[in-house]
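A.B. asks: Structure supplied as structure-v1.txt; contents: compact mmCIF, C-alpha atoms and all ligand atoms.
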```
# COMPACT_ATOMS: atom_id res chain seq x y z
CA MET A 1 0.00 0.00 0.00
CA ARG A 2 1.38 3.36 -1.00
CA THR A 3 0.95 6.56 0.97
CA ASP A 4 -1.06 9.06 -1.04
CA VAL A 5 0.24 12.61 -1.00
CA LEU A 6 -2.07 14.82 -3.08
CA GLY A 7 -2.59 12.24 -5.78
CA VAL A 8 0.90 10.70 -5.90
CA GLY A 9 1.40 7.40 -4.08
CA PHE A 10 4.73 7.11 -2.26
CA ASP A 11 6.50 4.01 -0.99
CA ASN A 12 6.93 4.54 2.73
CA LEU A 13 10.55 3.45 3.05
CA THR A 14 13.76 4.49 4.77
CA LEU A 15 16.83 4.97 2.59
CA GLU A 16 18.06 1.50 3.58
CA GLU A 17 14.75 -0.14 2.74
CA ALA A 18 14.56 1.72 -0.54
CA THR A 19 18.06 0.54 -1.47
CA ALA A 20 17.14 -3.06 -0.70
CA ALA A 21 13.97 -2.67 -2.78
CA GLY A 22 16.03 -1.20 -5.66
CA ALA A 23 18.52 -4.06 -5.46
CA ALA A 24 15.66 -6.58 -5.52
CA LEU A 25 14.33 -4.95 -8.71
CA VAL A 26 17.75 -5.28 -10.34
CA GLU A 27 17.77 -8.99 -9.45
CA ALA A 28 14.22 -9.58 -10.68
CA GLU A 29 13.45 -10.53 -14.30
CA GLY A 30 12.07 -7.81 -16.57
CA PHE A 31 12.17 -4.03 -16.74
CA HIS A 32 11.48 -1.75 -13.76
CA TYR A 33 11.70 1.96 -13.14
CA ALA A 34 11.97 4.18 -10.10
CA VAL A 35 10.90 7.81 -9.69
CA THR A 36 11.86 10.42 -7.12
CA PRO A 37 9.00 12.93 -6.93
CA ASN A 38 9.48 16.26 -5.16
CA PRO A 39 6.78 18.92 -4.66
CA GLU A 40 7.25 20.16 -8.24
CA PHE A 41 6.31 16.68 -9.47
CA ILE A 42 3.19 16.67 -7.29
CA LEU A 43 2.06 20.02 -8.67
CA ALA A 44 2.73 18.87 -12.24
CA ALA A 45 0.94 15.55 -11.69
CA ARG A 46 -2.19 17.36 -10.45
CA LYS A 47 -2.47 19.02 -13.85
CA ASP A 48 -1.27 16.24 -16.08
CA SER A 49 -2.84 12.81 -15.87
CA ARG A 50 -0.24 11.21 -18.14
CA PHE A 51 2.50 12.30 -15.77
CA ARG A 52 0.47 11.16 -12.74
CA ASP A 53 -0.08 7.72 -14.28
CA THR A 54 3.60 7.44 -15.15
CA LEU A 55 4.50 8.10 -11.52
CA GLN A 56 1.83 5.71 -10.21
CA GLN A 57 2.99 2.87 -12.43
CA ALA A 58 6.61 3.11 -11.30
CA HIS A 59 7.95 0.15 -9.33
CA LEU A 60 9.47 2.43 -6.72
CA VAL A 61 8.26 5.92 -5.77
CA LEU A 62 10.62 7.73 -3.41
CA ALA A 63 9.93 10.92 -1.49
CA ASP A 64 12.59 13.34 -2.66
CA GLY A 65 12.23 16.65 -0.91
CA VAL A 66 11.22 17.91 2.46
CA GLY A 67 8.02 19.41 1.00
CA VAL A 68 6.69 15.89 0.39
CA ILE A 69 7.43 14.89 3.99
CA HIS A 70 5.73 18.03 5.39
CA SER A 71 2.69 17.54 3.14
CA ALA A 72 2.35 13.89 4.22
CA ARG A 73 2.51 14.97 7.87
CA ILE A 74 -0.11 17.69 7.34
CA LEU A 75 -2.33 15.09 5.67
CA GLY A 76 -1.99 12.88 8.76
CA ARG A 77 -0.12 10.14 6.90
CA PRO A 78 3.52 10.69 7.89
CA LEU A 79 6.24 9.02 5.85
CA LYS A 80 9.28 7.42 7.51
CA GLY A 81 11.54 10.05 6.01
CA ARG A 82 13.03 11.63 2.97
CA VAL A 83 14.78 9.45 0.42
CA PRO A 84 16.61 11.95 -1.77
CA GLY A 85 17.14 10.49 -5.23
CA ILE A 86 20.82 11.28 -5.09
CA GLU A 87 21.29 9.37 -1.81
CA PHE A 88 19.33 6.43 -3.16
CA ALA A 89 21.60 6.44 -6.22
CA GLN A 90 24.70 6.52 -4.02
CA ALA A 91 23.54 3.63 -1.86
CA LEU A 92 22.54 1.62 -4.92
CA MET A 93 25.97 2.18 -6.50
CA GLY A 94 27.60 0.86 -3.34
CA TRP A 95 25.53 -2.30 -3.71
CA MET A 96 26.17 -2.51 -7.47
CA ALA A 97 29.93 -2.22 -6.98
CA ALA A 98 29.83 -5.13 -4.53
CA HIS A 99 27.69 -7.25 -6.87
CA GLY A 100 29.35 -6.61 -10.25
CA LYS A 101 26.32 -4.81 -11.73
CA ARG A 102 26.66 -2.57 -14.79
CA LEU A 103 25.63 1.10 -14.77
CA PHE A 104 24.85 3.39 -17.72
CA LEU A 105 24.66 7.16 -17.17
CA LEU A 106 22.25 9.06 -19.41
CA GLY A 107 21.71 12.81 -19.34
CA ALA A 108 23.10 16.28 -18.69
CA LYS A 109 25.19 18.43 -21.03
CA PRO A 110 27.84 16.82 -23.26
CA GLY A 111 30.89 15.77 -21.25
CA VAL A 112 29.15 15.78 -17.86
CA ALA A 113 28.22 12.07 -17.76
CA GLU A 114 31.82 11.09 -18.60
CA LEU A 115 33.11 13.30 -15.79
CA ALA A 116 30.55 11.80 -13.42
CA ALA A 117 31.60 8.30 -14.49
CA ALA A 118 35.24 9.00 -13.68
CA ASN A 119 34.35 10.38 -10.24
CA LEU A 120 31.95 7.56 -9.43
CA LYS A 121 34.45 4.87 -10.40
CA SER A 122 36.93 6.29 -7.91
CA THR A 123 34.29 6.72 -5.18
CA TYR A 124 32.90 3.18 -5.65
CA PRO A 125 35.83 0.91 -6.45
CA GLY A 126 34.65 -2.01 -8.56
CA LEU A 127 31.68 -0.08 -10.00
CA ILE A 128 31.29 -0.91 -13.69
CA VAL A 129 30.16 2.12 -15.70
CA CYS A 130 29.43 0.43 -19.01
CA GLY A 131 28.42 3.55 -20.95
CA THR A 132 27.43 7.22 -20.92
CA HIS A 133 25.42 9.52 -23.17
CA ASP A 134 24.51 13.20 -22.86
CA GLY A 135 20.87 14.24 -22.54
CA TYR A 136 20.56 16.42 -25.63
CA PHE A 137 20.01 13.82 -28.34
CA LYS A 138 17.47 14.13 -31.16
CA GLN A 139 16.70 10.47 -31.80
CA ASP A 140 15.77 8.04 -29.06
CA GLY A 141 16.30 4.77 -30.93
CA PRO A 142 20.09 4.91 -31.24
CA VAL A 143 20.43 5.85 -27.55
CA ALA A 144 18.23 2.92 -26.48
CA GLU A 145 20.31 0.68 -28.75
CA GLU A 146 23.54 1.97 -27.19
CA ILE A 147 22.21 1.08 -23.74
CA ARG A 148 21.20 -2.33 -25.02
CA SER A 149 24.64 -3.09 -26.42
CA SER A 150 26.28 -1.92 -23.19
CA ALA A 151 24.39 -4.72 -21.34
CA ALA A 152 23.57 -2.28 -18.54
CA ASP A 153 21.70 -3.60 -15.50
CA VAL A 154 20.87 -0.11 -14.23
CA VAL A 155 20.49 3.25 -16.01
CA PHE A 156 20.42 6.61 -14.26
CA VAL A 157 18.17 8.73 -16.49
CA CYS A 158 18.87 12.41 -15.82
CA LEU A 159 16.87 14.42 -18.37
CA GLY A 160 14.74 16.47 -15.95
CA ALA A 161 11.05 15.78 -15.26
CA PRO A 162 8.77 14.79 -16.91
CA LYS A 163 11.01 13.98 -19.88
CA GLN A 164 13.03 11.39 -17.98
CA GLU A 165 9.93 9.55 -16.69
CA TYR A 166 8.38 9.36 -20.16
CA TRP A 167 11.69 8.25 -21.62
CA MET A 168 12.04 5.40 -19.12
CA VAL A 169 8.53 4.11 -19.82
CA GLU A 170 8.79 4.38 -23.61
CA HIS A 171 12.32 3.16 -24.18
CA GLY A 172 13.32 1.31 -21.02
CA PRO A 173 11.82 -2.08 -21.91
CA SER A 174 13.72 -2.27 -25.22
CA THR A 175 17.11 -1.69 -23.59
CA GLY A 176 17.25 -4.92 -21.60
CA ALA A 177 18.08 -2.94 -18.43
CA ARG A 178 16.50 -4.22 -15.22
CA LEU A 179 16.15 -0.84 -13.50
CA MET A 180 16.04 2.76 -14.64
CA VAL A 181 16.01 5.58 -12.11
CA GLY A 182 14.92 9.15 -12.94
CA LEU A 183 17.40 11.38 -11.16
CA GLY A 184 17.08 14.97 -12.48
CA GLY A 185 20.24 16.97 -12.03
CA SER A 186 22.23 14.26 -10.20
CA LEU A 187 24.86 13.79 -12.90
CA ASP A 188 25.79 17.46 -12.55
CA VAL A 189 26.41 16.81 -8.85
CA PHE A 190 28.36 13.58 -9.44
CA ALA A 191 30.45 15.38 -12.05
CA GLY A 192 31.16 18.21 -9.61
CA VAL A 193 29.56 20.73 -11.99
CA VAL A 194 26.92 21.62 -9.38
CA GLU A 195 27.48 21.32 -5.64
CA ARG A 196 24.98 19.74 -3.30
CA ALA A 197 24.05 21.93 -0.33
CA PRO A 198 26.34 21.66 2.71
CA LYS A 199 25.35 19.03 5.30
CA GLY A 200 23.90 21.68 7.66
CA PHE A 201 21.36 22.74 5.03
CA GLN A 202 20.55 19.10 4.24
CA LYS A 203 19.90 18.27 7.90
CA LEU A 204 17.61 21.28 8.34
CA GLY A 205 15.65 20.36 5.24
CA MET A 206 16.79 23.64 3.69
CA GLU A 207 18.54 22.25 0.64
CA TRP A 208 16.06 24.08 -1.57
CA LEU A 209 17.10 27.40 -0.01
CA TYR A 210 20.78 26.77 -0.76
CA ARG A 211 19.90 25.80 -4.31
CA LEU A 212 17.97 29.03 -4.72
CA TYR A 213 20.95 31.02 -3.43
CA LYS A 214 23.24 29.28 -5.96
CA GLU A 215 20.78 29.47 -8.87
CA PRO A 216 18.48 32.47 -8.27
CA LYS A 217 16.84 31.93 -11.66
CA ARG A 218 15.05 28.94 -10.10
CA ILE A 219 12.86 31.38 -8.15
CA GLY A 220 10.14 31.12 -10.79
CA ARG A 221 9.97 27.37 -10.26
CA MET A 222 10.24 27.58 -6.49
CA VAL A 223 7.66 30.20 -5.54
CA ARG A 224 4.92 27.71 -6.28
CA LEU A 225 6.28 25.03 -3.97
CA PRO A 226 4.58 26.18 -0.74
CA LEU A 227 1.36 25.53 -2.65
CA VAL A 228 1.70 21.80 -1.93
CA LEU A 229 1.58 22.53 1.80
CA TRP A 230 -1.49 24.66 1.26
CA TYR A 231 -3.20 21.95 -0.80
CA ALA A 232 -2.32 19.41 1.90
CA LEU A 233 -3.88 21.64 4.56
CA VAL A 234 -7.03 22.15 2.50
CA ALA A 235 -7.30 18.40 1.85
CA ARG A 236 -6.86 17.69 5.57
CA ILE A 237 -9.53 20.20 6.56
CA ARG A 238 -11.89 18.73 4.00
CA GLY A 239 -11.15 15.34 5.51
CA LYS A 240 -9.67 13.77 2.37
N1 LIG B 301 18.68 17.77 -19.21
C1 LIG B 301 19.00 16.91 -20.23
N2 LIG B 301 18.28 16.96 -21.39
C2 LIG B 301 17.25 17.82 -21.57
C3 LIG B 301 16.91 18.69 -20.50
C4 LIG B 301 17.64 18.63 -19.32
O1 LIG B 301 19.91 16.09 -20.11
O2 LIG B 301 16.66 17.82 -22.64
C5 LIG B 301 19.45 17.68 -17.96
C6 LIG B 301 20.05 18.97 -17.49
O3 LIG B 301 21.28 19.21 -18.14
C7 LIG B 301 20.21 18.69 -16.01
C8 LIG B 301 19.03 17.75 -15.71
O4 LIG B 301 18.59 17.27 -16.95
O5 LIG B 301 21.41 17.98 -15.80
C9 LIG B 301 17.80 18.40 -15.08
O6 LIG B 301 18.16 19.21 -14.08
P1 LIG B 301 17.09 19.91 -13.15
O7 LIG B 301 17.88 20.79 -12.27
O8 LIG B 301 15.97 20.49 -13.94
O9 LIG B 301 16.49 18.66 -12.39
P2 LIG B 301 16.07 18.50 -10.89
O10 LIG B 301 17.32 18.02 -10.18
O11 LIG B 301 15.54 19.81 -10.41
O12 LIG B 301 15.03 17.44 -11.01
```
If you took the structure in this file and wrote it as structure tokens, what would it be?
C.D. replies:
Amino acid sequence: MRTDVLGVGFDNLTLEEATAAGAALVEAEGFHYAVTPNPEFILAARKDSRFRDTLQQAHLVLADGVGVIHSARILGRPLKGRVPGIEFAQALMGWMAAHGKRLFLLGAKPGVAELAAANLKSTYPGLIVCGTHDGYFKQDGPVAEEIRSSAADVVFVCLGAPKQEYWMVEHGPSTGARLMVGLGGSLDVFAGVVERAPKGFQKLGMEWLYRLYKEPKRIGRMVRLPLVLWYALVARIRGK
């Protein structure tokens, strides 16, 4: 049973549990995909049923972002905690390195995925990065084929939402990968192109504030975020 937060069902898992669930999906036959919705996703899903369905049909739905946690609490259905996509990816790579699994990195500007691959291989000794591709391609088929020939078990798909979710659903099954994870701007962080907020900000749940300070142009995207808390309050009052 998933925990509904304003129309998006979340798996109520700790980071450790989510990692174990991710590993189990890699070991299971067939194609699976994981999504990491934050409040922006929730707002988008309320307006776009295709996006909402794509999130609902994912095999793993992780609560990325403190806004999701606050909304769930306001709704009276608290989640165990935040599972930031980037931390899930890190924990999964630790497991992959220990189990000889193959990782493909897809997304970000040309050159970034290669830089990320080099950093990740030194952070996770034994990690096999079997291929990379930037996120600004025109034709999907050749990219899916490249993933297929790399024999990747896992693909980090970092094209931004909702593009990455649609891409996973449409092209994932043909690649032979067991698990694709939609991870937004994570390759930029792994490559060292963009810094993650310092630990203090992360602990306080203020990562969004740091990000705004670093990239003020995100203000347009961010001003709407408190809306999810408002919607949660309204839903609670109405007894939904
Ligand atoms: N991106 C991409 N192809 C596109 C559009 C975006 O590869 O057509 C990349 C972009 O370079 C960035 C990531 O997708 O690395 C999206 O970053 P954003 O900050 O929007 O994602 P968030 O982390 O907020 O989900």
A.B. asks: For Thr175 of chain A, which of A:Glu146, A:Glu40, A:Glu114, A:Glu195 is the closest residue, counting only C-alpha atoms?
C.D. replies: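 Among the listed residues, A:Glu146 lies closest to Thr175 of chain A.
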A.B. asks: Which residue, A:Gly184, A:Pro198, A:Gly172, A:Pro216, has the smallest gap to ligand LIG 301 (chain B) when you use all atoms listed in the file?
C.D. replies: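 Residue with the minimum atom-to-atom distance to ligand LIG 301 (chain B): A:Gly184.
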A.B. asks: Taking a cut-off of 6 Å and counting all atoms listed in the file, can you build a table that, for each residue of chain A near ligand LIG 301 (chain B), reports the nearest atom pair and how far apart they are in Å (one decimal), sorted by chain then residue number, as CSV?
C.D. replies:
```
residue,atom,partner,partner_atom,distance
A:Gly107,CA,B:LIG301,O1,3.8
A:Ala108,CA,B:LIG301,O3,3.5
A:Lys109,CA,B:LIG301,O3,4.9
A:Gly135,CA,B:LIG301,O1,3.2
A:Tyr136,CA,B:LIG301,N2,4.8
A:Cys158,CA,B:LIG301,O4,5.0
A:Leu159,CA,B:LIG301,O4,3.6
A:Gly160,CA,B:LIG301,C9,3.7
A:Gly184,CA,B:LIG301,O12,3.5
A:Gly185,CA,B:LIG301,O10,3.6
A:Asp188,CA,B:LIG301,O5,5.5
```
A.B. asks: Could you check which of A:Leu225, A:Val61, A:Ile86, A:Ala113 is closest to Leu183 of chain A, using only C-alpha atoms?
C.D. replies: A:Ile86
A.B. asks: Name the closest residue to Gly239 of chain A among the candidates A:Ile74, A:Ala91, A:Val35, A:Ala118; distances are taken between atoms, counting all atoms listed in the file.
C.D. replies: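 Under the stated criterion, the closest residue is A:Ile74.
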A.B. asks: For Arg148 of chain A, which residue among A:Cys130, A:Val228, A:Ala117, A:Ile42 is the nearest when counting all atoms listed in the file?
C.D. replies: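 Between A:Cys130, A:Val228, A:Ala117, A:Ile42, the residue approaching Arg148 of chain A most closely is A:Cys130.
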A.B. asks: Measuring between all atoms listed in the file, which one of A:Phe104, A:Trp230, A:Phe156, A:Tyr166 shows the shortest distance to Thr132 of chain A?
C.D. replies: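 Residue with the minimum atom-to-atom distance to Thr132 of chain A: A:Phe104.
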A.B. asks: Measure the distance from atom CA of Val112 of chain A to atom CA of Val193 of chain A in Å and round it to one decimal.
C.D. replies: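 Computing the Euclidean distance for atom CA of Val112 of chain A and atom CA of Val193 of chain A yields 7.7 Å.
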A.B. asks: Draw an axis-aligned box tight on the listed atoms of segment 134-137 of chain A, then pad every side by 5 Å and write out centre and edge lengths in Å to one decimal as JSON.
C.D. replies:
```
{"center_x": 22.3, "center_y": 14.8, "center_z": -25.4, "size_x": 14.5, "size_y": 13.2, "size_z": 15.8}
```
A.B. asks: Quick one: everything within 12 Å of Gln90 of chain A, counting all atoms listed in the file, minus sequence neighbours fewer than 2 positions away in the same chain. Send it as a list in words.
C.D. replies: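 Counting only the stated atoms, we get Leu15, Glu16, Ala18, Thr19, Gly22, Val83, Pro84, Gly85, Ile86, Glu87, Phe88, Leu92, Met93, Gly94, Trp95, Met96, Ala97, Leu120, Lys121, Thr123, Tyr124, Leu127, Phe156, Val181, Leu183, Ser186, Leu187, Val189 and Phe190 of chain A.
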A.B. asks: What gap, in Å, lies between atom CA of Gly81 of chain A and atom CA of Asn12 of chain A?
C.D. replies: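 Value for the atom CA of Gly81 of chain A-atom CA of Asn12 of chain A distance: 7.9 Å.
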A.B. asks: Would you mind reading off the distance between atom CA of Arg46 of chain A and atom CA of Leu227 of chain A, one decimal, in Å?
C.D. replies: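 Pair atom CA of Arg46 of chain A / atom CA of Leu227 of chain A returns 11.8 Å.
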A.B. asks: Considering all atoms listed in the file, return as a list in words whatever protein or nucleic-acid residues lie within 9 Å of Met1 of chain A, sequence-local ones (same chain, fewer than 3 positions apart) excluded.
C.D. replies: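 Near neighbours after the sequence-gap exclusion: Gly9, Phe10, Asp11 and Asn12 of chain A.
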A.B. asks: Write out as an MDAnalysis selection string each polymer residue whose atoms come within 10 Å of Pro39 of chain A, counting all atoms listed in the file; drop sequence neighbours fewer than 6 positions from it.
C.D. replies: chainID A and resid 5:6 45 63:69 71 222 224:229
